[in-house]
file entry39.csv (CSV, N, CA and C atoms)
chain,number,residue,atom,x,y,z
A,4,MET,N,11.0,13.4,6.1
A,4,MET,CA,10.5,12.1,6.0
A,4,MET,C,9.4,12.0,5.0
A,5,LYS,N,9.4,11.0,4.2
A,5,LYS,CA,8.4,10.7,3.1
A,5,LYS,C,7.5,9.6,3.6
A,6,VAL,N,6.2,9.9,3.6
A,6,VAL,CA,5.2,8.9,4.0
A,6,VAL,C,4.3,8.6,2.9
A,7,LEU,N,4.1,7.3,2.6
A,7,LEU,CA,3.1,6.9,1.6
A,7,LEU,C,1.9,6.4,2.4
A,8,ALA,N,0.7,6.9,2.1
A,8,ALA,CA,-0.5,6.4,2.7
A,8,ALA,C,-1.4,5.7,1.7
A,9,PHE,N,-1.5,4.4,1.9
A,9,PHE,CA,-2.3,3.6,0.9
A,9,PHE,C,-3.7,3.4,1.4
A,10,CYS,N,-4.7,3.9,0.6
A,10,CYS,CA,-6.1,3.7,1.0
A,10,CYS,C,-6.7,2.6,0.1
A,11,GLY,N,-7.1,1.5,0.8
A,11,GLY,CA,-7.6,0.4,0.1
A,11,GLY,C,-9.1,0.3,-0.1
A,12,SER,N,-9.8,1.4,0.1
A,12,SER,CA,-11.2,1.4,-0.1
A,12,SER,C,-11.6,1.6,-1.6
A,13,PRO,N,-12.6,0.8,-2.0
A,13,PRO,CA,-13.1,1.0,-3.4
A,13,PRO,C,-14.1,2.2,-3.4
A,14,ARG,N,-14.4,2.8,-2.3
A,14,ARG,CA,-15.3,3.9,-2.2
A,14,ARG,C,-14.4,5.2,-2.0
A,15,GLN,N,-14.4,6.1,-3.0
A,15,GLN,CA,-13.5,7.2,-3.0
A,15,GLN,C,-13.8,8.2,-1.9
A,16,HIS,N,-15.0,8.3,-1.4
A,16,HIS,CA,-15.4,9.2,-0.3
A,16,HIS,C,-15.9,8.5,0.9
A,17,GLY,N,-15.4,7.3,1.2
A,17,GLY,CA,-15.9,6.5,2.3
A,17,GLY,C,-15.2,6.8,3.6
A,18,ASN,N,-15.5,6.1,4.6
A,18,ASN,CA,-14.9,6.3,6.0
A,18,ASN,C,-13.4,6.1,6.0
A,19,THR,N,-12.9,5.1,5.3
A,19,THR,CA,-11.5,4.8,5.2
A,19,THR,C,-10.7,6.0,4.7
A,20,ARG,N,-11.2,6.6,3.6
A,20,ARG,CA,-10.6,7.7,3.0
A,20,ARG,C,-10.6,8.9,3.9
A,21,THR,N,-11.7,9.1,4.6
A,21,THR,CA,-11.8,10.2,5.6
A,21,THR,C,-10.7,10.0,6.7
A,22,LEU,N,-10.5,8.8,7.2
A,22,LEU,CA,-9.5,8.6,8.2
A,22,LEU,C,-8.1,8.8,7.6
A,23,VAL,N,-7.9,8.4,6.4
A,23,VAL,CA,-6.6,8.6,5.7
A,23,VAL,C,-6.3,10.1,5.5
A,24,ASP,N,-7.3,10.8,5.1
A,24,ASP,CA,-7.1,12.3,4.9
A,24,ASP,C,-6.7,12.9,6.3
A,25,GLU,N,-7.3,12.5,7.4
A,25,GLU,CA,-7.0,13.1,8.7
A,25,GLU,C,-5.6,12.7,9.1
A,26,MET,N,-5.2,11.5,8.9
A,26,MET,CA,-3.9,11.0,9.2
A,26,MET,C,-2.8,11.8,8.4
A,27,ALA,N,-3.1,12.0,7.1
A,27,ALA,CA,-2.2,12.7,6.2
A,27,ALA,C,-2.0,14.1,6.7
A,28,ARG,N,-3.2,14.7,7.1
A,28,ARG,CA,-3.1,16.1,7.6
A,28,ARG,C,-2.2,16.2,8.8
A,29,GLY,N,-2.3,15.3,9.7
A,29,GLY,CA,-1.5,15.3,10.9
A,29,GLY,C,0.0,15.0,10.6
A,30,ILE,N,0.2,14.2,9.6
A,30,ILE,CA,1.6,13.9,9.2
A,30,ILE,C,2.3,15.1,8.6
A,31,VAL,N,1.5,15.8,7.8
A,31,VAL,CA,2.1,17.1,7.2
A,31,VAL,C,2.3,18.1,8.3
A,32,GLU,N,1.3,18.2,9.2
A,32,GLU,CA,1.5,19.2,10.3
A,32,GLU,C,2.7,18.9,11.2
A,33,ALA,N,3.1,17.6,11.2
A,33,ALA,CA,4.2,17.3,12.0
A,33,ALA,C,5.5,17.5,11.3
A,34,GLY,N,5.5,17.9,10.0
A,34,GLY,CA,6.6,18.3,9.2
A,34,GLY,C,7.1,17.3,8.2
A,35,ALA,N,6.3,16.2,8.0
A,35,ALA,CA,6.7,15.2,7.0
A,35,ALA,C,5.9,15.4,5.7
A,36,GLU,N,6.4,14.8,4.6
A,36,GLU,CA,5.7,14.8,3.4
A,36,GLU,C,4.7,13.6,3.4
A,37,CYS,N,3.6,13.7,2.8
A,37,CYS,CA,2.6,12.6,2.8
A,37,CYS,C,1.9,12.6,1.4
A,38,GLU,N,2.0,11.4,0.8
A,38,GLU,CA,1.2,11.2,-0.5
A,38,GLU,C,0.2,10.1,-0.3
A,39,ILE,N,-1.0,10.4,-0.6
A,39,ILE,CA,-2.1,9.4,-0.5
A,39,ILE,C,-2.2,8.7,-1.9
A,40,VAL,N,-2.2,7.3,-1.8
A,40,VAL,CA,-2.4,6.5,-3.0
A,40,VAL,C,-3.7,5.7,-2.9
A,41,ASP,N,-4.6,5.9,-3.7
A,41,ASP,CA,-5.9,5.2,-3.7
A,41,ASP,C,-5.8,3.9,-4.4
A,42,VAL,N,-5.2,2.9,-3.7
A,42,VAL,CA,-5.0,1.6,-4.4
A,42,VAL,C,-6.3,0.8,-4.5
A,43,GLY,N,-7.4,1.2,-3.8
A,43,GLY,CA,-8.7,0.6,-3.9
A,43,GLY,C,-9.4,0.8,-5.2
A,44,ILE,N,-9.0,1.8,-5.9
A,44,ILE,CA,-9.6,2.1,-7.2
A,44,ILE,C,-8.6,2.0,-8.4
A,45,MET,N,-7.5,1.4,-8.1
A,45,MET,CA,-6.5,1.2,-9.1
A,45,MET,C,-6.6,-0.2,-9.7
A,46,ASP,N,-6.1,-0.3,-10.9
A,46,ASP,CA,-6.1,-1.6,-11.6
A,46,ASP,C,-4.9,-2.4,-11.2
A,47,ILE,N,-5.0,-3.2,-10.1
A,47,ILE,CA,-3.9,-4.0,-9.6
A,47,ILE,C,-4.4,-5.5,-9.6
A,48,ALA,N,-3.7,-6.2,-10.4
A,48,ALA,CA,-4.0,-7.7,-10.5
A,48,ALA,C,-3.5,-8.4,-9.3
A,49,PRO,N,-4.1,-9.5,-9.0
A,49,PRO,CA,-3.6,-10.3,-7.8
A,49,PRO,C,-2.3,-11.0,-8.2
A,50,CYS,N,-1.5,-11.3,-7.2
A,50,CYS,CA,-0.3,-12.1,-7.4
A,50,CYS,C,-0.6,-13.5,-7.8
A,51,THR,N,0.1,-14.0,-8.8
A,51,THR,CA,-0.1,-15.3,-9.3
A,51,THR,C,0.9,-16.3,-8.8
A,52,ALA,N,1.8,-15.9,-7.9
A,52,ALA,CA,2.8,-16.8,-7.3
A,52,ALA,C,3.7,-17.4,-8.3
A,53,CYS,N,4.0,-16.6,-9.4
A,53,CYS,CA,4.8,-17.2,-10.5
A,53,CYS,C,6.3,-17.1,-10.1
A,54,GLU,N,6.6,-16.3,-9.1
A,54,GLU,CA,8.0,-16.2,-8.5
A,54,GLU,C,8.9,-15.5,-9.5
A,55,GLY,N,8.4,-14.8,-10.5
A,55,GLY,CA,9.3,-14.1,-11.4
A,55,GLY,C,10.0,-13.0,-10.7
A,56,CYS,N,9.3,-12.4,-9.7
A,56,CYS,CA,10.0,-11.3,-8.9
A,56,CYS,C,11.1,-11.9,-8.0
A,57,HIS,N,11.0,-13.1,-7.6
A,57,HIS,CA,12.0,-13.7,-6.8
A,57,HIS,C,13.3,-13.9,-7.5
A,58,ARG,N,13.2,-14.1,-8.8
A,58,ARG,CA,14.4,-14.2,-9.6
A,58,ARG,C,15.0,-12.9,-10.1
A,59,THR,N,14.1,-11.9,-10.4
A,59,THR,CA,14.5,-10.6,-10.9
A,59,THR,C,14.4,-9.4,-10.0
A,60,GLY,N,13.6,-9.5,-8.9
A,60,GLY,CA,13.4,-8.4,-8.0
A,60,GLY,C,12.3,-7.5,-8.5
A,61,VAL,N,11.7,-7.8,-9.7
A,61,VAL,CA,10.7,-6.9,-10.2
A,61,VAL,C,9.5,-7.8,-10.6
A,62,CYS,N,8.3,-7.4,-10.2
A,62,CYS,CA,7.1,-8.1,-10.6
A,62,CYS,C,6.9,-8.1,-12.1
A,63,VAL,N,6.6,-9.3,-12.6
A,63,VAL,CA,6.4,-9.4,-14.1
A,63,VAL,C,5.1,-8.9,-14.6
A,64,VAL,N,4.1,-8.6,-13.7
A,64,VAL,CA,2.8,-8.1,-14.1
A,64,VAL,C,2.9,-6.6,-14.2
A,65,ASP,N,2.5,-6.1,-15.4
A,65,ASP,CA,2.5,-4.7,-15.7
A,65,ASP,C,1.2,-4.1,-15.6
A,66,ASP,N,0.9,-3.4,-14.5
A,66,ASP,CA,-0.4,-2.8,-14.2
A,66,ASP,C,-0.2,-1.5,-13.4
A,67,ASP,N,-1.2,-1.1,-12.7
A,67,ASP,CA,-1.0,0.1,-11.9
A,67,ASP,C,-0.1,0.0,-10.7
A,68,MET,N,0.3,-1.2,-10.3
A,68,MET,CA,1.2,-1.5,-9.2
A,68,MET,C,2.6,-1.1,-9.7
A,69,THR,N,2.9,-1.3,-10.9
A,69,THR,CA,4.3,-1.1,-11.4
A,69,THR,C,5.0,0.2,-11.0
A,70,PRO,N,4.3,1.4,-11.2
A,70,PRO,CA,5.0,2.6,-10.8
A,70,PRO,C,5.0,2.8,-9.3
A,71,LEU,N,4.3,2.0,-8.5
A,71,LEU,CA,4.3,2.2,-7.1
A,71,LEU,C,5.6,1.6,-6.4
A,72,TYR,N,6.2,0.7,-7.1
A,72,TYR,CA,7.4,0.1,-6.5
A,72,TYR,C,8.5,1.1,-6.3
A,73,ASP,N,8.8,2.1,-7.2
A,73,ASP,CA,9.8,3.1,-6.9
A,73,ASP,C,9.3,4.0,-5.8
A,74,LYS,N,8.1,4.3,-5.7
A,74,LYS,CA,7.6,5.2,-4.6
A,74,LYS,C,7.8,4.5,-3.3
A,75,ILE,N,7.5,3.2,-3.2
A,75,ILE,CA,7.7,2.4,-2.0
A,75,ILE,C,9.2,2.4,-1.6
A,76,ASP,N,10.0,2.1,-2.6
A,76,ASP,CA,11.5,2.1,-2.3
A,76,ASP,C,12.0,3.4,-1.7
A,77,ASN,N,11.4,4.6,-2.2
A,77,ASN,CA,11.8,5.9,-1.8
A,77,ASN,C,11.1,6.4,-0.6
A,78,ALA,N,10.2,5.7,0.0
A,78,ALA,CA,9.4,6.2,1.1
A,78,ALA,C,10.1,5.8,2.4
A,79,ASP,N,9.9,6.5,3.5
A,79,ASP,CA,10.5,6.2,4.8
A,79,ASP,C,9.5,5.5,5.7
A,80,ALA,N,8.2,5.7,5.4
A,80,ALA,CA,7.2,5.1,6.3
A,80,ALA,C,5.9,5.0,5.4
A,81,PHE,N,5.0,4.1,6.0
A,81,PHE,CA,3.7,3.8,5.3
A,81,PHE,C,2.6,3.9,6.2
A,82,VAL,N,1.4,4.2,5.6
A,82,VAL,CA,0.1,4.0,6.3
A,82,VAL,C,-0.7,3.1,5.4
A,83,PHE,N,-1.1,2.0,6.0
A,83,PHE,CA,-1.9,1.0,5.3
A,83,PHE,C,-3.3,1.1,5.9
A,84,ALA,N,-4.3,1.5,5.0
A,84,ALA,CA,-5.7,1.7,5.5
A,84,ALA,C,-6.6,0.9,4.6
A,85,SER,N,-7.6,0.2,5.2
A,85,SER,CA,-8.5,-0.6,4.5
A,85,SER,C,-9.8,-0.6,5.3
A,86,PRO,N,-11.0,-0.7,4.6
A,86,PRO,CA,-12.2,-1.0,5.3
A,86,PRO,C,-12.1,-2.5,5.6
A,87,VAL,N,-12.9,-2.9,6.6
A,87,VAL,CA,-12.9,-4.3,7.0
A,87,VAL,C,-14.2,-4.9,6.3
A,88,TYR,N,-14.0,-5.8,5.4
A,88,TYR,CA,-15.1,-6.5,4.7
A,88,TYR,C,-15.0,-8.0,5.1
A,89,PHE,N,-16.0,-8.5,5.7
A,89,PHE,CA,-16.0,-10.0,6.0
A,89,PHE,C,-14.7,-10.3,6.8
A,90,TRP,N,-14.4,-9.6,7.8
A,90,TRP,CA,-13.3,-9.8,8.8
A,90,TRP,C,-11.9,-9.7,8.2
A,91,GLY,N,-11.8,-9.0,7.1
A,91,GLY,CA,-10.5,-8.9,6.4
A,91,GLY,C,-10.4,-7.6,5.6
A,92,PRO,N,-9.3,-7.3,5.0
A,92,PRO,CA,-9.2,-6.1,4.2
A,92,PRO,C,-10.1,-6.2,2.9
A,93,SER,N,-10.3,-5.1,2.2
A,93,SER,CA,-11.0,-5.2,1.0
A,93,SER,C,-10.2,-6.1,0.0
A,94,ALA,N,-10.9,-6.7,-1.0
A,94,ALA,CA,-10.3,-7.5,-2.0
A,94,ALA,C,-9.2,-6.7,-2.7
A,95,GLN,N,-9.5,-5.5,-3.0
A,95,GLN,CA,-8.6,-4.6,-3.8
A,95,GLN,C,-7.3,-4.4,-3.0
A,96,PHE,N,-7.5,-4.2,-1.7
A,96,PHE,CA,-6.3,-4.0,-0.8
A,96,PHE,C,-5.5,-5.2,-0.6
A,97,LYS,N,-6.2,-6.4,-0.5
A,97,LYS,CA,-5.5,-7.7,-0.4
A,97,LYS,C,-4.6,-7.9,-1.6
A,98,ALA,N,-5.2,-7.7,-2.8
A,98,ALA,CA,-4.4,-7.9,-4.0
A,98,ALA,C,-3.1,-7.0,-4.0
A,99,PHE,N,-3.3,-5.7,-3.6
A,99,PHE,CA,-2.2,-4.8,-3.5
A,99,PHE,C,-1.1,-5.3,-2.5
A,100,LEU,N,-1.6,-5.8,-1.3
A,100,LEU,CA,-0.6,-6.3,-0.3
A,100,LEU,C,0.1,-7.5,-0.8
A,101,ASP,N,-0.6,-8.4,-1.5
A,101,ASP,CA,0.1,-9.6,-2.0
A,101,ASP,C,1.2,-9.3,-3.0
A,102,ARG,N,1.1,-8.2,-3.7
A,102,ARG,CA,2.1,-7.8,-4.7
A,102,ARG,C,3.4,-7.2,-4.1
A,103,TRP,N,3.4,-7.1,-2.7
A,103,TRP,CA,4.6,-6.6,-2.0
A,103,TRP,C,5.6,-7.8,-1.9
A,104,PHE,N,5.2,-9.0,-2.4
A,104,PHE,CA,6.1,-10.1,-2.4
A,104,PHE,C,7.4,-9.7,-3.1
A,105,ALA,N,7.3,-9.0,-4.2
A,105,ALA,CA,8.5,-8.6,-4.9
A,105,ALA,C,9.4,-7.7,-4.1
A,106,ILE,N,8.9,-7.0,-3.2
A,106,ILE,CA,9.7,-6.1,-2.3
A,106,ILE,C,10.4,-6.9,-1.2
A,107,VAL,N,9.7,-7.8,-0.6
A,107,VAL,CA,10.1,-8.5,0.6
A,107,VAL,C,11.0,-9.7,0.2
A,108,HIS,N,10.7,-10.4,-0.9
A,108,HIS,CA,11.4,-11.7,-1.2
A,108,HIS,C,12.2,-11.7,-2.5
A,109,GLY,N,12.6,-10.5,-3.0
A,109,GLY,CA,13.4,-10.5,-4.2
A,109,GLY,C,14.8,-10.8,-3.9
A,110,PRO,N,15.7,-10.9,-4.9
A,110,PRO,CA,17.1,-11.3,-4.7
A,110,PRO,C,17.8,-10.3,-3.9
A,111,ALA,N,17.4,-9.0,-3.7
A,111,ALA,CA,18.0,-8.0,-2.9
A,111,ALA,C,17.6,-8.2,-1.4
A,112,GLY,N,16.8,-9.1,-1.1
A,112,GLY,CA,16.3,-9.3,0.3
A,112,GLY,C,15.2,-8.4,0.6
A,113,ASP,N,14.9,-8.2,1.8
A,113,ASP,CA,13.8,-7.3,2.3
A,113,ASP,C,14.2,-5.9,2.2
A,114,ARG,N,13.5,-5.2,1.2
A,114,ARG,CA,13.8,-3.8,1.0
A,114,ARG,C,13.0,-2.9,1.9
A,115,LEU,N,12.3,-3.4,2.9
A,115,LEU,CA,11.6,-2.6,3.9
A,115,LEU,C,12.3,-2.4,5.2
A,116,ASN,N,13.5,-3.0,5.3
A,116,ASN,CA,14.2,-2.9,6.6
A,116,ASN,C,14.4,-1.5,7.0
A,117,GLY,N,14.0,-1.2,8.3
A,117,GLY,CA,14.2,0.2,8.8
A,117,GLY,C,13.1,1.1,8.5
A,118,LYS,N,12.1,0.7,7.8
A,118,LYS,CA,10.9,1.6,7.5
A,118,LYS,C,9.8,1.3,8.5
A,119,LYS,N,9.1,2.4,8.7
A,119,LYS,CA,8.0,2.3,9.7
A,119,LYS,C,6.7,2.2,9.0
A,120,ALA,N,5.7,1.7,9.8
A,120,ALA,CA,4.3,1.6,9.2
A,120,ALA,C,3.3,1.7,10.3
A,121,ALA,N,2.1,2.2,9.9
A,121,ALA,CA,0.9,2.3,10.7
A,121,ALA,C,-0.2,1.6,9.9
A,122,VAL,N,-1.2,1.1,10.7
A,122,VAL,CA,-2.3,0.4,10.1
A,122,VAL,C,-3.6,1.1,10.5
A,123,VAL,N,-4.5,1.3,9.6
A,123,VAL,CA,-5.8,1.9,9.9
A,123,VAL,C,-6.9,1.0,9.3
A,124,ALA,N,-7.9,0.6,10.2
A,124,ALA,CA,-9.0,-0.2,9.7
A,124,ALA,C,-10.3,0.5,10.0
A,125,ALA,N,-11.2,0.5,9.1
A,125,ALA,CA,-12.5,1.2,9.2
A,125,ALA,C,-13.5,0.1,9.2
A,126,PHE,N,-14.3,0.0,10.2
A,126,PHE,CA,-15.4,-1.0,10.4
A,126,PHE,C,-16.6,-0.3,10.9
A,127,GLY,N,-17.8,-0.7,10.2
A,127,GLY,CA,-19.0,-0.1,10.7
A,127,GLY,C,-20.0,-1.2,10.9
A,128,ASP,N,-21.0,-1.0,11.7
A,128,ASP,CA,-22.0,-2.0,12.1
A,128,ASP,C,-23.3,-1.7,11.4
call {"tool": "encode", "arguments": {"input": "entry39.csv", "output": "C-alpha cells"}}
result
Amino acid sequence: MKVLAFCGSPRQHGNTRTLVDEMARGIVEAGAECEIVDVGIMDIAPCTACEGCHRTGVCVVDDDMTPLYDKIDNADAFVFASPVYFWGPSAQFKAFLDRWFAIVHGPAGDRLNGKKAAVVAAFGD
C-alpha cells in the first residue's frame, strides 16, 4: 500500500510536522510505504475556478502542484494534516486542497474512488 502524507504547515519543524512524522513511522511499521509531502512550503497557487481541468482533466496552472497529480493517482491512501489557523486549515493547505478539483471533477470522473484518507489537525492554545 502506498500512502501519501500531506503536511500543510508553513513551519517545517512545527507540531503538525511532528504529528505527520509519527503517523508515517506507524504506517511504515505496519508494512506500507509512506511519502511525506510538505505542501505548506511548496509554491502552489490557488484555484482560479477557470474550469480548464474540467475540460481536460489536467490543471492548467503549472507550479509545484503539477508533479503531485501523478503521485496522487498512484497512491492508495492519504493523510491530510494541517495546523488550525483561525478555525480552518492553513492558507497554504487550503490552496492545495482546492487544486484537487482537477482530480474529483475532471472528465474521467472522481479519480479518488476506493482510496482511503485520514485527517490530522494540530491546534494550540
call {"tool": "select_by_dssp", "arguments": {"input": "entry39.csv", "residues": "chain A", "states": "strand (DSSP E)", "output": "list in words"}}
result
Lys5, Val6, Leu7, Ala8, Phe9, Cys10, Glu36, Cys37, Glu38, Ile39, Val40, Ala80, Phe81, Val82, Phe83, Ala84, Ser85, Pro86, Val87, Tyr88, Gly91, Pro92, Lys119, Ala120, Ala121, Val122, Val123, Ala124 and Ala125 of chain A
call {"tool": "atom_distance", "arguments": {"input": "entry39.csv", "atom1": "CA of Asp73 (chain A)", "atom2": "CA of Leu7 (chain A)"}}
result
11.5 Å
call {"tool": "select_by_dssp", "arguments": {"input": "entry39.csv", "residues": "chain A", "states": "alpha helix (DSSP H)", "output": "ChimeraX atom specification"}}
result
/A:18-32,55-59,71-77,94-101,104-107
call {"tool": "closest_residue", "arguments": {"input": "entry39.csv", "among": "A:Ala80, A:Met68, A:Arg14, A:Ile39", "to": "Ala120 (chain A)", "atoms": "only N, CA and C atoms"}}
result
A:Ala80
call {"tool": "residues_around", "arguments": {"input": "entry39.csv", "residues": "Ser12 (chain A)", "least_positions_apart": "6", "cutoff": "7 Å", "atoms": "all atoms listed in the file", "output": "list in words"}}
result
Thr19, Arg20, Asp41, Val42, Gly43, Ile44, Ala84, Ser85, Pro86, Ser93 and Phe96 of chain A
call {"tool": "write_last_selection", "arguments": {"input": "entry39.csv", "atoms": "N, CA and C atoms", "output": "PDB file, keeping the file's coordinate frame"}}
result
ATOM      1  N   THR A  19     -12.900   5.100   5.300  1.00  0.00           N
ATOM      2  CA  THR A  19     -11.500   4.800   5.200  1.00  0.00           C
ATOM      3  C   THR A  19     -10.700   6.000   4.700  1.00  0.00           C
ATOM      4  N   ARG A  20     -11.200   6.600   3.600  1.00  0.00           N
ATOM      5  CA  ARG A  20     -10.600   7.700   3.000  1.00  0.00           C
ATOM      6  C   ARG A  20     -10.600   8.900   3.900  1.00  0.00           C
ATOM      7  N   ASP A  41      -4.600   5.900  -3.700  1.00  0.00           N
ATOM      8  CA  ASP A  41      -5.900   5.200  -3.700  1.00  0.00           C
ATOM      9  C   ASP A  41      -5.800   3.900  -4.400  1.00  0.00           C
ATOM     10  N   VAL A  42      -5.200   2.900  -3.700  1.00  0.00           N
ATOM     11  CA  VAL A  42      -5.000   1.600  -4.400  1.00  0.00           C
ATOM     12  C   VAL A  42      -6.300   0.800  -4.500  1.00  0.00           C
ATOM     13  N   GLY A  43      -7.400   1.200  -3.800  1.00  0.00           N
ATOM     14  CA  GLY A  43      -8.700   0.600  -3.900  1.00  0.00           C
ATOM     15  C   GLY A  43      -9.400   0.800  -5.200  1.00  0.00           C
ATOM     16  N   ILE A  44      -9.000   1.800  -5.900  1.00  0.00           N
ATOM     17  CA  ILE A  44      -9.600   2.100  -7.200  1.00  0.00           C
ATOM     18  C   ILE A  44      -8.600   2.000  -8.400  1.00  0.00           C
ATOM     19  N   ALA A  84      -4.300   1.500   5.000  1.00  0.00           N
ATOM     20  CA  ALA A  84      -5.700   1.700   5.500  1.00  0.00           C
ATOM     21  C   ALA A  84      -6.600   0.900   4.600  1.00  0.00           C
ATOM     22  N   SER A  85      -7.600   0.200   5.200  1.00  0.00           N
ATOM     23  CA  SER A  85      -8.500  -0.600   4.500  1.00  0.00           C
ATOM     24  C   SER A  85      -9.800  -0.600   5.300  1.00  0.00           C
ATOM     25  N   PRO A  86     -11.000  -0.700   4.600  1.00  0.00           N
ATOM     26  CA  PRO A  86     -12.200  -1.000   5.300  1.00  0.00           C
ATOM     27  C   PRO A  86     -12.100  -2.500   5.600  1.00  0.00           C
ATOM     28  N   SER A  93     -10.300  -5.100   2.200  1.00  0.00           N
ATOM     29  CA  SER A  93     -11.000  -5.200   1.000  1.00  0.00           C
ATOM     30  C   SER A  93     -10.200  -6.100   0.000  1.00  0.00           C
ATOM     31  N   PHE A  96      -7.500  -4.200  -1.700  1.00  0.00           N
ATOM     32  CA  PHE A  96      -6.300  -4.000  -0.800  1.00  0.00           C
ATOM     33  C   PHE A  96      -5.500  -5.200  -0.600  1.00  0.00           C
TER      34      PHE A  96
END
call {"tool": "decode", "arguments": {"input": "entry39.csv", "residues": "region 46-107 of chain A", "atoms": "C-alpha atoms", "output": "CSV table (one decimal), in the first residue's frame"}}
result
chain,number,residue,atom,x,y,z
A,46,ASP,CA,4.7,27.0,-4.4
A,47,ILE,CA,1.1,26.1,-5.0
A,48,ALA,CA,-1.2,28.8,-6.5
A,49,PRO,CA,-4.8,28.9,-5.5
A,50,CYS,CA,-7.5,27.6,-7.8
A,51,THR,CA,-8.9,30.3,-10.1
A,52,ALA,CA,-12.1,28.3,-11.0
A,53,CYS,CA,-11.2,28.6,-14.7
A,54,GLU,CA,-12.6,25.0,-15.2
A,55,GLY,CA,-9.7,24.2,-17.6
A,56,CYS,CA,-9.3,20.9,-15.6
A,57,HIS,CA,-13.0,20.1,-16.1
A,58,ARG,CA,-12.5,20.0,-19.8
A,59,THR,CA,-9.1,18.4,-20.0
A,60,GLY,CA,-8.6,16.5,-16.7
A,61,VAL,CA,-5.4,18.4,-16.0
A,62,CYS,CA,-5.0,21.7,-14.1
A,63,VAL,CA,-3.8,24.4,-16.4
A,64,VAL,CA,-1.7,26.1,-13.7
A,65,ASP,CA,1.9,24.9,-13.8
A,66,ASP,CA,3.5,25.1,-10.4
A,67,ASP,CA,4.6,22.7,-7.6
A,68,MET,CA,1.2,21.0,-7.6
A,69,THR,CA,1.7,19.7,-11.2
A,70,PRO,CA,4.0,16.7,-10.3
A,71,LEU,CA,1.8,15.8,-7.3
A,72,TYR,CA,-1.1,14.7,-9.6
A,73,ASP,CA,0.7,11.6,-10.7
A,74,LYS,CA,1.6,10.8,-7.1
A,75,ILE,CA,-2.0,11.2,-6.0
A,76,ASP,CA,-3.2,9.0,-8.8
A,77,ASN,CA,-0.7,6.2,-7.8
A,78,ALA,CA,-1.4,6.4,-4.1
A,79,ASP,CA,-3.8,4.1,-2.3
A,80,ALA,CA,-4.4,6.3,0.8
A,81,PHE,CA,-3.7,9.8,2.1
A,82,VAL,CA,-3.0,11.6,5.3
A,83,PHE,CA,-4.1,15.3,5.2
A,84,ALA,CA,-2.5,17.3,8.0
A,85,SER,CA,-2.8,21.0,8.8
A,86,PRO,CA,-2.4,23.3,11.6
A,87,VAL,CA,-5.7,25.1,12.6
A,88,TYR,CA,-5.4,28.8,11.9
A,89,PHE,CA,-8.5,30.9,12.6
A,90,TRP,CA,-10.7,27.8,12.8
A,91,GLY,CA,-9.6,26.4,9.5
A,92,PRO,CA,-6.6,24.9,7.7
A,93,SER,CA,-3.5,27.0,6.9
A,94,ALA,CA,-3.9,29.1,3.7
A,95,GLN,CA,-1.2,27.1,2.0
A,96,PHE,CA,-3.1,23.8,2.7
A,97,LYS,CA,-6.4,25.3,1.6
A,98,ALA,CA,-4.8,26.3,-1.8
A,99,PHE,CA,-3.5,22.8,-2.1
A,100,LEU,CA,-6.9,21.2,-1.3
A,101,ASP,CA,-8.7,23.5,-3.8
A,102,ARG,CA,-6.5,22.2,-6.6
A,103,TRP,CA,-7.9,18.7,-6.1
A,104,PHE,CA,-10.8,19.9,-8.2
A,105,ALA,CA,-8.9,18.6,-11.2
A,106,ILE,CA,-8.9,15.1,-9.6
A,107,VAL,CA,-12.5,15.0,-8.5
